[in-house]
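So this block is protein.txt, compact mmCIF, C-alpha atoms:
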```
# COMPACT_ATOMS: atom_id res chain seq x y z
CA MET A 1 15.95 -26.98 8.15
CA ASP A 2 13.03 -29.34 8.84
CA CYS A 3 9.44 -28.39 7.99
CA TRP A 4 8.48 -27.67 11.62
CA SER A 5 11.36 -25.27 12.08
CA LEU A 6 10.50 -23.57 8.80
CA ASN A 7 6.86 -23.26 9.85
CA ARG A 8 7.91 -21.61 13.11
CA ALA A 9 10.40 -19.27 11.45
CA ASP A 10 8.67 -18.28 8.20
CA ARG A 11 6.07 -15.84 9.53
CA GLY A 12 6.88 -12.70 7.56
CA GLY A 13 6.27 -9.26 9.04
CA LEU A 14 4.13 -8.56 12.08
CA ILE A 15 0.57 -7.38 11.46
CA LEU A 16 -1.75 -6.00 14.15
CA ASP A 17 -5.26 -5.91 12.73
CA ALA A 18 -7.23 -2.70 13.18
CA ARG A 19 -10.82 -2.88 14.34
CA THR A 20 -12.93 -1.51 11.50
CA GLY A 21 -14.36 1.91 12.19
CA VAL A 22 -13.78 5.66 12.24
CA TYR A 23 -10.96 6.98 14.43
CA TRP A 24 -10.11 10.57 15.33
CA ASN A 25 -6.76 12.21 16.06
CA VAL A 26 -4.58 9.29 14.94
CA ALA A 27 -0.88 9.57 14.06
CA GLU A 28 1.02 7.40 11.58
CA LEU A 29 4.61 6.44 12.39
CA ASP A 30 6.75 4.67 9.78
CA PHE A 31 10.17 3.10 10.18
CA LYS A 32 12.37 4.42 7.37
CA SER A 33 13.41 1.67 4.93
CA LEU A 34 13.08 -0.84 7.76
CA TYR A 35 14.21 -4.04 6.05
CA PRO A 36 17.29 -2.58 4.28
CA THR A 37 18.22 -0.73 7.48
CA LEU A 38 18.05 -3.96 9.47
CA MET A 39 20.15 -5.73 6.83
CA LEU A 40 22.78 -3.00 7.07
CA LYS A 41 22.72 -2.62 10.86
CA HIS A 42 22.83 -6.35 11.65
CA ASN A 43 25.12 -7.36 8.76
CA ILE A 44 22.54 -9.67 7.16
CA SER A 45 23.76 -11.49 4.06
CA GLY A 46 23.67 -15.03 2.75
CA GLU A 47 27.23 -15.76 3.91
CA THR A 48 26.98 -14.02 7.32
CA VAL A 49 23.93 -15.81 8.76
CA ASN A 50 24.91 -19.02 10.58
CA CYS A 51 28.54 -18.59 9.51
CA GLU A 52 31.15 -21.10 10.60
CA CYS A 53 33.46 -18.56 12.26
CA CYS A 54 31.02 -17.10 14.82
CA LYS A 55 29.10 -20.12 16.10
CA ASP A 56 29.96 -19.28 19.69
CA ASP A 57 29.98 -15.48 19.75
CA GLY A 58 27.89 -14.25 16.81
CA GLU A 59 24.88 -11.95 17.21
CA ILE A 60 21.88 -14.10 18.18
CA ILE A 61 18.62 -13.52 16.29
CA PRO A 62 15.44 -13.50 18.45
CA GLU A 63 12.92 -16.31 17.99
CA LEU A 64 15.12 -18.19 15.52
CA GLY A 65 18.32 -18.80 17.43
CA TYR A 66 20.41 -18.09 14.33
CA HIS A 67 23.69 -16.22 14.66
CA VAL A 68 25.23 -13.50 12.48
CA CYS A 69 28.91 -13.03 11.73
CA LYS A 70 30.88 -10.40 13.64
CA ARG A 71 34.17 -10.88 11.77
CA TRP A 72 33.22 -10.35 8.14
CA ARG A 73 31.06 -7.60 6.64
CA GLY A 74 28.56 -9.19 4.27
CA ILE A 75 28.39 -8.44 0.58
CA VAL A 76 24.71 -7.43 0.75
CA PRO A 77 25.18 -4.77 3.49
CA ARG A 78 28.14 -3.39 1.57
CA ALA A 79 26.10 -3.24 -1.65
CA ILE A 80 23.03 -1.50 -0.18
CA GLU A 81 24.75 1.04 2.05
CA LEU A 82 25.13 3.73 -0.64
CA PRO A 83 21.60 3.47 -2.17
CA LEU A 84 20.11 3.39 1.34
CA ARG A 85 22.02 6.50 2.40
CA LYS A 86 21.02 8.27 -0.83
CA ARG A 87 17.35 7.38 -0.37
CA MET A 88 17.35 8.73 3.19
CA LYS A 89 18.82 11.99 1.89
CA TYR A 90 16.29 12.31 -0.91
CA LYS A 91 13.43 11.80 1.57
CA GLU A 92 14.84 14.64 3.66
CA LEU A 93 15.06 16.86 0.57
CA ILE A 94 11.44 16.07 -0.36
CA LYS A 95 10.29 17.47 2.99
CA GLU A 96 12.59 20.50 2.88
CA THR A 97 12.06 21.79 -0.67
CA ARG A 98 9.12 23.96 -1.71
CA ASP A 99 9.86 23.68 -5.41
CA VAL A 100 7.25 21.35 -6.91
CA GLN A 101 9.48 20.25 -9.81
CA LEU A 102 12.39 19.48 -7.50
CA ARG A 103 10.11 17.59 -5.14
CA THR A 104 8.83 15.48 -8.04
CA LEU A 105 12.41 14.80 -9.15
CA TYR A 106 13.52 13.81 -5.64
CA LYS A 107 10.43 11.62 -5.25
CA SER A 108 11.21 9.77 -8.51
CA ARG A 109 14.80 9.16 -7.45
CA SER A 110 13.72 8.04 -3.98
CA ASP A 111 11.21 5.59 -5.48
CA ALA A 112 13.84 4.16 -7.86
CA LEU A 113 16.21 3.58 -4.95
CA LYS A 114 13.37 2.06 -2.94
CA TRP A 115 12.86 -0.67 -5.54
CA ILE A 116 16.57 -1.41 -5.61
CA LEU A 117 16.42 -1.93 -1.84
CA VAL A 118 13.21 -3.96 -2.01
CA THR A 119 14.85 -6.20 -4.59
CA ALA A 120 17.90 -6.61 -2.36
CA PHE A 121 15.67 -7.99 0.41
CA GLY A 122 13.65 -10.21 -1.93
CA TYR A 123 16.82 -11.59 -3.50
CA LEU A 124 17.89 -12.94 -0.08
CA GLY A 125 15.08 -15.47 -0.25
CA TYR A 126 15.32 -16.26 -3.97
CA ARG A 127 16.23 -19.92 -4.36
CA ASN A 128 18.88 -19.28 -7.02
CA ALA A 129 20.42 -16.23 -5.34
CA LYS A 130 24.21 -16.32 -5.21
CA PHE A 131 24.32 -13.87 -2.31
CA GLY A 132 21.24 -14.94 -0.35
CA SER A 133 19.82 -17.73 1.73
CA ARG A 134 16.48 -18.67 3.19
CA GLU A 135 17.90 -18.18 6.69
CA ALA A 136 19.02 -14.64 5.88
CA HIS A 137 15.55 -13.79 4.57
CA LEU A 138 13.92 -15.20 7.72
CA THR A 139 16.39 -13.33 9.91
CA VAL A 140 15.35 -9.95 8.51
CA CYS A 141 11.66 -10.76 9.08
CA ALA A 142 12.33 -11.87 12.67
CA LEU A 143 14.22 -8.64 13.43
CA ALA A 144 11.38 -6.60 11.87
CA ARG A 145 8.80 -8.35 14.07
CA GLU A 146 10.88 -7.66 17.17
CA THR A 147 11.28 -4.01 16.15
CA LEU A 148 7.55 -3.43 15.73
CA LEU A 149 6.76 -5.18 19.03
CA LYS A 150 9.27 -2.94 20.84
CA ALA A 151 7.68 0.14 19.26
CA VAL A 152 4.20 -1.02 20.34
CA LYS A 153 5.40 -1.54 23.92
CA ILE A 154 7.01 1.92 24.07
CA ALA A 155 3.84 3.57 22.69
CA GLU A 156 1.58 1.81 25.20
CA GLU A 157 3.90 2.55 28.12
CA ASN A 158 3.62 6.23 27.22
CA GLY A 159 -0.17 6.27 27.23
CA PHE A 160 -0.85 5.80 23.52
CA GLU A 161 -3.25 3.22 22.07
CA VAL A 162 -2.02 1.29 19.05
CA ILE A 163 -4.86 1.22 16.52
CA HIS A 164 -3.10 -0.69 13.75
CA GLY A 165 0.32 -2.01 12.85
CA ILE A 166 1.66 -3.50 9.64
CA VAL A 167 5.28 -4.61 9.16
CA ASP A 168 6.98 -1.20 9.46
CA SER A 169 4.13 1.19 10.27
CA LEU A 170 2.09 2.03 13.35
CA TRP A 171 -1.10 4.02 13.77
CA VAL A 172 -1.37 5.33 17.34
CA GLN A 173 -3.97 7.39 19.15
CA LYS A 174 -4.10 9.49 22.30
CA LYS A 175 -6.97 11.77 23.21
CA ASP A 176 -6.19 15.45 22.61
CA ALA A 177 -2.54 14.70 21.70
CA ASP A 178 -0.99 17.28 19.36
CA ASP A 179 1.78 16.98 16.78
CA GLN A 180 4.46 17.69 19.37
CA GLU A 181 3.40 14.76 21.57
CA TYR A 182 3.43 12.40 18.60
CA LEU A 183 6.84 13.73 17.52
CA GLU A 184 8.18 13.12 21.03
CA LEU A 185 6.84 9.55 20.89
CA ALA A 186 8.57 8.99 17.52
CA LYS A 187 11.84 10.33 18.96
CA LYS A 188 11.54 8.07 22.01
CA ILE A 189 10.94 4.99 19.82
CA GLU A 190 13.86 5.93 17.59
CA ASP A 191 16.21 6.37 20.55
CA GLU A 192 15.21 3.15 22.30
CA VAL A 193 14.96 0.92 19.22
CA GLY A 194 17.96 2.44 17.48
CA LEU A 195 16.31 2.71 14.06
CA PRO A 196 15.10 5.84 12.20
CA ILE A 197 11.35 6.43 12.33
CA SER A 198 9.31 9.22 10.77
CA PHE A 199 6.14 10.98 11.89
CA GLU A 200 4.08 10.81 8.70
CA GLY A 201 1.38 13.09 10.05
CA ARG A 202 -1.68 13.31 12.26
CA TYR A 203 -5.05 12.33 10.83
CA ARG A 204 -8.05 14.43 11.73
CA TRP A 205 -9.92 11.19 11.13
CA ILE A 206 -9.19 7.86 9.49
CA VAL A 207 -11.46 4.98 8.46
CA PHE A 208 -10.24 1.38 8.51
CA LEU A 209 -12.37 -0.70 6.16
CA PRO A 210 -13.61 -4.30 6.38
CA SER A 211 -13.15 -7.08 3.86
CA ARG A 212 -15.80 -7.24 1.16
CA ALA A 213 -15.84 -11.02 1.20
CA HIS A 214 -15.96 -11.17 5.01
CA PRO A 215 -17.52 -7.93 6.32
CA GLY A 216 -16.74 -8.83 9.93
CA ARG A 217 -13.00 -8.96 9.28
CA PRO A 218 -10.54 -6.09 8.75
CA VAL A 219 -8.19 -5.79 5.79
CA ASN A 220 -4.56 -4.96 6.53
CA ASN A 221 -4.03 -2.15 4.04
CA ARG A 222 -7.49 -0.80 3.22
CA TYR A 223 -8.22 2.61 4.67
CA PHE A 224 -8.70 6.30 3.90
CA GLY A 225 -8.31 9.42 5.98
CA VAL A 226 -7.57 13.14 6.03
CA PHE A 227 -4.56 14.76 7.70
CA MET A 228 -4.85 17.90 9.81
CA ASP A 229 -3.74 20.01 6.82
CA GLY A 230 -6.61 18.64 4.72
CA SER A 231 -4.54 16.33 2.51
CA LEU A 232 -5.89 12.86 1.81
CA LYS A 233 -4.35 9.41 2.05
CA TYR A 234 -6.08 6.26 0.85
CA ARG A 235 -5.09 2.65 0.26
CA GLY A 236 -6.92 -0.42 -1.03
CA ILE A 237 -9.93 1.43 -2.47
CA GLU A 238 -11.14 1.80 -6.05
CA ALA A 239 -9.32 5.11 -6.62
CA ARG A 240 -5.99 3.30 -6.15
CA ARG A 241 -6.66 0.53 -8.65
CA ARG A 242 -5.37 0.59 -12.22
CA ASP A 243 -8.45 -1.22 -13.52
CA THR A 244 -10.93 1.32 -12.16
CA PRO A 245 -12.52 3.47 -14.90
CA PRO A 246 -11.65 7.20 -14.65
CA ILE A 247 -15.29 8.13 -14.03
CA VAL A 248 -15.37 5.95 -10.91
CA LYS A 249 -12.03 7.34 -9.67
CA LYS A 250 -13.23 10.91 -10.22
CA MET A 251 -16.43 10.27 -8.27
CA GLN A 252 -14.64 8.59 -5.36
CA LEU A 253 -12.01 11.32 -5.11
CA GLU A 254 -14.71 14.01 -5.23
CA ILE A 255 -16.47 12.23 -2.38
CA LEU A 256 -13.26 12.03 -0.36
CA GLU A 257 -12.66 15.76 -0.91
CA LYS A 258 -16.16 16.41 0.38
CA LEU A 259 -15.59 14.25 3.48
CA ALA A 260 -12.26 16.02 4.11
CA GLU A 261 -14.26 19.16 4.99
CA ALA A 262 -15.60 17.49 8.15
CA LYS A 263 -14.13 18.66 11.47
CA ASP A 264 -16.17 16.48 13.86
CA PRO A 265 -18.30 13.29 13.79
CA GLU A 266 -21.56 15.15 13.17
CA GLN A 267 -20.12 16.99 10.19
CA LEU A 268 -18.61 13.76 8.85
CA ARG A 269 -22.01 12.12 8.84
CA GLU A 270 -23.53 15.16 7.07
CA LYS A 271 -20.79 15.07 4.43
CA ALA A 272 -21.37 11.33 3.91
CA LEU A 273 -25.02 12.06 3.13
CA GLU A 274 -23.94 14.78 0.70
CA ALA A 275 -21.61 12.23 -0.90
CA ILE A 276 -24.63 10.15 -1.89
CA GLU A 277 -25.85 13.14 -3.92
CA ILE A 278 -22.47 13.25 -5.67
CA TYR A 279 -22.95 9.59 -6.60
CA ARG A 280 -26.45 10.32 -7.95
CA GLY A 281 -25.02 13.07 -10.13
CA TYR A 282 -22.49 10.71 -11.71
CA ALA A 283 -25.13 8.00 -12.16
CA ARG A 284 -27.38 10.54 -13.89
CA ARG A 285 -24.57 11.47 -16.28
CA LEU A 286 -24.07 7.81 -17.16
CA ILE A 287 -27.76 7.25 -17.80
CA LEU A 288 -28.03 10.37 -19.99
CA GLY A 289 -24.88 9.49 -21.92
CA ASP A 290 -23.08 12.61 -20.73
CA VAL A 291 -19.68 10.89 -20.45
CA SER A 292 -16.73 10.42 -22.76
CA ILE A 293 -15.48 7.01 -23.82
CA GLU A 294 -12.13 7.83 -22.17
CA ASP A 295 -13.92 8.11 -18.81
CA LEU A 296 -15.15 4.54 -19.19
CA GLY A 297 -11.85 2.87 -20.12
CA ILE A 298 -10.77 -0.07 -17.97
CA THR A 299 -7.03 -0.76 -18.09
CA GLN A 300 -5.50 -4.17 -17.35
CA ILE A 301 -2.11 -5.71 -18.02
CA LEU A 302 -1.78 -8.59 -20.46
CA SER A 303 0.11 -11.15 -18.37
CA MET A 304 0.32 -13.79 -21.12
CA ASP A 305 -0.34 -14.29 -24.81
CA PRO A 306 -4.08 -13.67 -25.55
CA ASP A 307 -4.48 -17.23 -26.87
CA ASP A 308 -3.00 -18.75 -23.69
CA TYR A 309 -5.81 -17.59 -21.37
CA VAL A 310 -7.90 -20.60 -20.27
CA VAL A 311 -10.73 -18.33 -19.17
CA GLU A 312 -11.64 -15.56 -21.58
CA ALA A 313 -10.39 -12.62 -19.52
CA ARG A 314 -11.64 -9.24 -20.68
CA GLN A 315 -8.18 -7.91 -21.47
CA ALA A 316 -7.45 -11.02 -23.57
CA VAL A 317 -10.69 -10.60 -25.54
CA ALA A 318 -9.86 -6.94 -26.15
CA ALA A 319 -6.32 -7.86 -27.21
CA LYS A 320 -7.65 -10.32 -29.79
CA HIS A 321 -9.88 -7.58 -31.21
CA LEU A 322 -6.81 -5.37 -31.59
CA GLU A 323 -4.82 -8.13 -33.29
CA ARG A 324 -7.61 -8.71 -35.79
CA ALA A 325 -7.56 -4.96 -36.47
CA GLY A 326 -3.85 -5.22 -37.31
CA ILE A 327 -2.52 -3.71 -34.08
CA ARG A 328 0.52 -5.53 -32.67
CA ILE A 329 0.16 -6.78 -29.07
CA VAL A 330 3.05 -7.72 -26.78
CA LEU A 331 3.23 -9.47 -23.42
CA GLY A 332 2.98 -7.05 -20.49
CA GLN A 333 1.13 -4.45 -22.53
CA ALA A 334 -1.61 -2.40 -20.85
CA ILE A 335 -4.93 -2.99 -22.61
CA THR A 336 -7.72 -0.42 -22.22
CA TYR A 337 -11.24 -1.49 -23.09
CA VAL A 338 -14.87 -0.51 -22.66
CA ILE A 339 -17.75 -2.80 -21.67
CA ALA A 340 -20.28 -2.52 -24.48
CA GLY A 341 -23.23 -4.45 -25.89
CA ALA A 342 -26.98 -4.51 -25.46
CA ARG A 343 -28.77 -6.10 -22.50
CA GLY A 344 -27.83 -9.76 -22.22
CA LEU A 345 -24.92 -9.34 -24.65
CA CYS A 346 -21.81 -8.14 -22.88
CA LYS A 347 -18.87 -7.30 -25.15
CA THR A 348 -15.35 -6.16 -24.38
CA VAL A 349 -14.25 -3.62 -26.97
CA PRO A 350 -10.78 -1.99 -27.11
CA ILE A 351 -11.10 1.73 -26.52
CA GLN A 352 -9.45 2.39 -29.91
CA LEU A 353 -12.32 0.60 -31.69
CA VAL A 354 -15.37 1.61 -29.67
CA ARG A 355 -17.89 4.12 -30.99
CA GLU A 356 -18.78 7.20 -28.90
CA GLY A 357 -21.80 6.48 -26.69
CA SER A 358 -21.53 2.73 -27.23
CA TYR A 359 -21.28 1.33 -23.72
CA ARG A 360 -23.28 -0.95 -21.49
CA LEU A 361 -24.90 0.99 -18.65
CA GLU A 362 -25.41 -1.63 -15.90
CA PRO A 363 -21.76 -2.60 -15.24
CA TYR A 364 -20.71 1.04 -14.86
CA LEU A 365 -23.63 1.88 -12.56
CA SER A 366 -22.64 -1.13 -10.46
CA MET A 367 -19.03 0.15 -10.23
CA LEU A 368 -20.26 3.56 -9.08
CA ARG A 369 -22.48 1.97 -6.40
CA LYS A 370 -19.63 -0.15 -5.07
CA ALA A 371 -17.27 2.83 -4.96
CA VAL A 372 -19.67 5.05 -3.00
CA TYR A 373 -20.54 2.17 -0.67
CA THR A 374 -16.81 1.64 0.06
CA ILE A 375 -16.53 5.21 1.35
CA VAL A 376 -19.79 6.07 3.09
CA ALA A 377 -21.24 2.79 4.39
CA LEU A 378 -19.04 2.45 7.46
CA ILE A 379 -19.25 6.16 8.30
CA LEU A 380 -23.06 6.13 8.26
CA GLU A 381 -23.10 2.88 10.21
CA LYS A 382 -20.68 3.96 12.95
CA LEU A 383 -21.64 7.62 13.44
```
Could you show the structure in this file as structure tokens?
Amino acid sequence: MDCWSLNRADRGGLILDARTGVYWNVAELDFKSLYPTLMLKHNISGETVNCECCKDDGEIIPELGYHVCKRWRGIVPRAIELPLRKRMKYKELIKETRDVQLRTLYKSRSDALKWILVTAFGYLGYRNAKFGSREAHLTVCALARETLLKAVKIAEENGFEVIHGIVDSLWVQKKDADDQEYLELAKKIEDEVGLPISFEGRYRWIVFLPSRAHPGRPVNNRYFGVFMDGSLKYRGIEARRRDTPPIVKKMQLEILEKLAEAKDPEQLREKALEAIEIYRGYARRLILGDVSIEDLGITQILSMDPDDYVVEARQAVAAKHLERAGIRIVLGQAITYVIAGARGLCKTVPIQLVREGSYRLEPYLSMLRKAVYTIVALILEKL
């Protein structure tokens, strides 16, 4: 494959950017295990794409012009069929059961199977894969793009506006549409595309956030919203990050719970103003020292030996402190530290070695400000 052909073919999944803002009555539709399902349905494997036996009558892949074997079932589809079928069943059980412990168990098993399937797709494009090929990897992506485009067309033909789309998910909106109308749309897409799709729920409202570096641009997977039953979903914000201190996560989640009470735009704006008071309460606690050291811990993964960091990353500095204290450190270990030190002297101290009340105020106040701004700025601007 020459570089121009590769440039044309290697475009990954389809992404339809959302315009930043607050949207009401939006439904989320997700294709179930899209990539593994495509691999199984279309017989995608390293030895089946552009095979020698089906040059003239193999299945043609859109955009790429590749063909897929019709005479031999690939080793990858055969390998993933059972875990894919099991994962689909566990997802059904998660929705059906009311037992919290069983739901947690099914969720854990479903997630484990998910990563097996994700690995199966990634292995197709791995350069040393025995059962993969670059062409097979590109074929799955091309089929996924075609699938999402078909779903968008069906939604628009049925009077729905597509707000956002990313690889295997669509957010669609129609004024005054209820759950039944969105379910009927999902069924229509499933029937016409021939792939399973789930109705994840209807948002009372959802906020798609801009990039911090470029405020005029959207970010593909950075949003938060509340479903009609009051449950929250959020991606790409501080509360989802491992390296966010617990105090910042607690504040942001408390703010989201407050916003979830809003039933209309006017109430949402009122709740956003109340959220600022929540932030002030947390800032006051920080200033008065009414927080535990555990609430201030920042956790990061040690990706290399502490001495190998060219720049003195905070987790590496904390790891060196632990080593000097006689605590063994290994690669991949999660290091939790606190930012301490007087004004002008910023120190990174492992949480095991820090004294109660010994933390630097300014960095934590800054984190709180950023977290509240993430949530309320766009709401107050748009409403």
Mind giving me the straight-line distance from atom CA of Ile94 of chain A to atom CA of Asp30 of chain A in Å, one decimal? 16.0 Å
Contacts of segment 276-278 of chain A at 9 Å (only C-alpha atoms; same-chain gap of 5+ positions) as a CSV table (one decimal) with C-alpha atoms, in the coordinates of the input:
```
chain,number,residue,atom,x,y,z
A,251,MET,CA,-16.4,10.3,-8.3
A,254,GLU,CA,-14.7,14.0,-5.2
A,255,ILE,CA,-16.5,12.2,-2.4
A,271,LYS,CA,-20.8,15.1,4.4
A,283,ALA,CA,-25.1,8.0,-12.2
A,372,VAL,CA,-19.7,5.0,-3.0
A,376,VAL,CA,-19.8,6.1,3.1
```
As a check of understanding: the span from atom CA of Cys3 of chain A to atom CA of Asp168 of chain A is 27.3 Å
Which residues come within 12 Å of segment 99-107 of chain A, counting all atoms listed in the file, excluding same-chain residues fewer than 4 positions away, as a list in words?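 My list of contacting residues is Lys86, Arg87, Met88, Lys89, Tyr90, Lys91, Glu92, Leu93, Ile94, Lys95, Asp111, Ala112, Leu113 and Lys114 of chain A.
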Give me the residues within 10 Å of Tyr282 of chain A as a list in words, counting all atoms listed in the file and dropping any in the same chain fewer than 6 places off.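 Non-adjacent residues within range: Ile247, Val248, Lys250, Met251, Leu288, Asp290, Val291, Leu365 and Leu368 of chain A.
Atom CA of Thr139 of chain A is found 7.6 Å from atom CA of Tyr66 of chain A.
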Need to verify the contact set: segment 310-321 of chain A, 12 Å, only C-alpha atoms, exclusion of same-chain residues closer than 3 positions in sequence. Can you return it as a PyMOL selection string? chain A and resi 243+297-307+324-340+346-354
Give me the residues near Gly46 of chain A as a ChimeraX atom specification, where near means some atom within 8 Å (using all atoms listed in the file) and where sequence neighbours in that chain fewer than 5 positions away do not count. /A:74,76,124,131-133,135-136
Residue nearest Ala155 of chain A - candidates A:Val172, A:Ile44, A:Leu138, A:Val193, atoms counted: all atoms listed in the file: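 Looking only at the distances to Ala155 of chain A, the closest residue turns out to be A:Val172.
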With only C-alpha atoms as the basis for distance, which of A:Thr147, A:Ser358, A:Ser211, A:Gln267 is at the shortest distance from Tyr223 of chain A? A:Ser211
With all atoms listed in the file as the atoms that count, which of A:Leu195, A:Ile166, A:Ile80, A:Ala120 lies nearest to Phe31 of chain A?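 Selected residue with least distance to Phe31 of chain A: A:Leu195.
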May I ask which of the residues A:Asp308, A:Asp176, A:Glu356, A:Glu156 is the closest one to Ile189 of chain A, counting only C-alpha atoms? A:Glu156
Counting only C-alpha atoms, figure out which residue out of A:Arg71, A:Lys55, A:Lys370, A:Lys153 gets nearest to Glu238 of chain A.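 Smallest separation from Glu238 of chain A among the options: A:Lys370.
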Looking at A:Ala371, A:Leu273, A:Leu34, A:Cys53, which one is nearest to Ser169 of chain A, with distances taken over only C-alpha atoms?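 Smallest separation from Ser169 of chain A among the options: A:Leu34.
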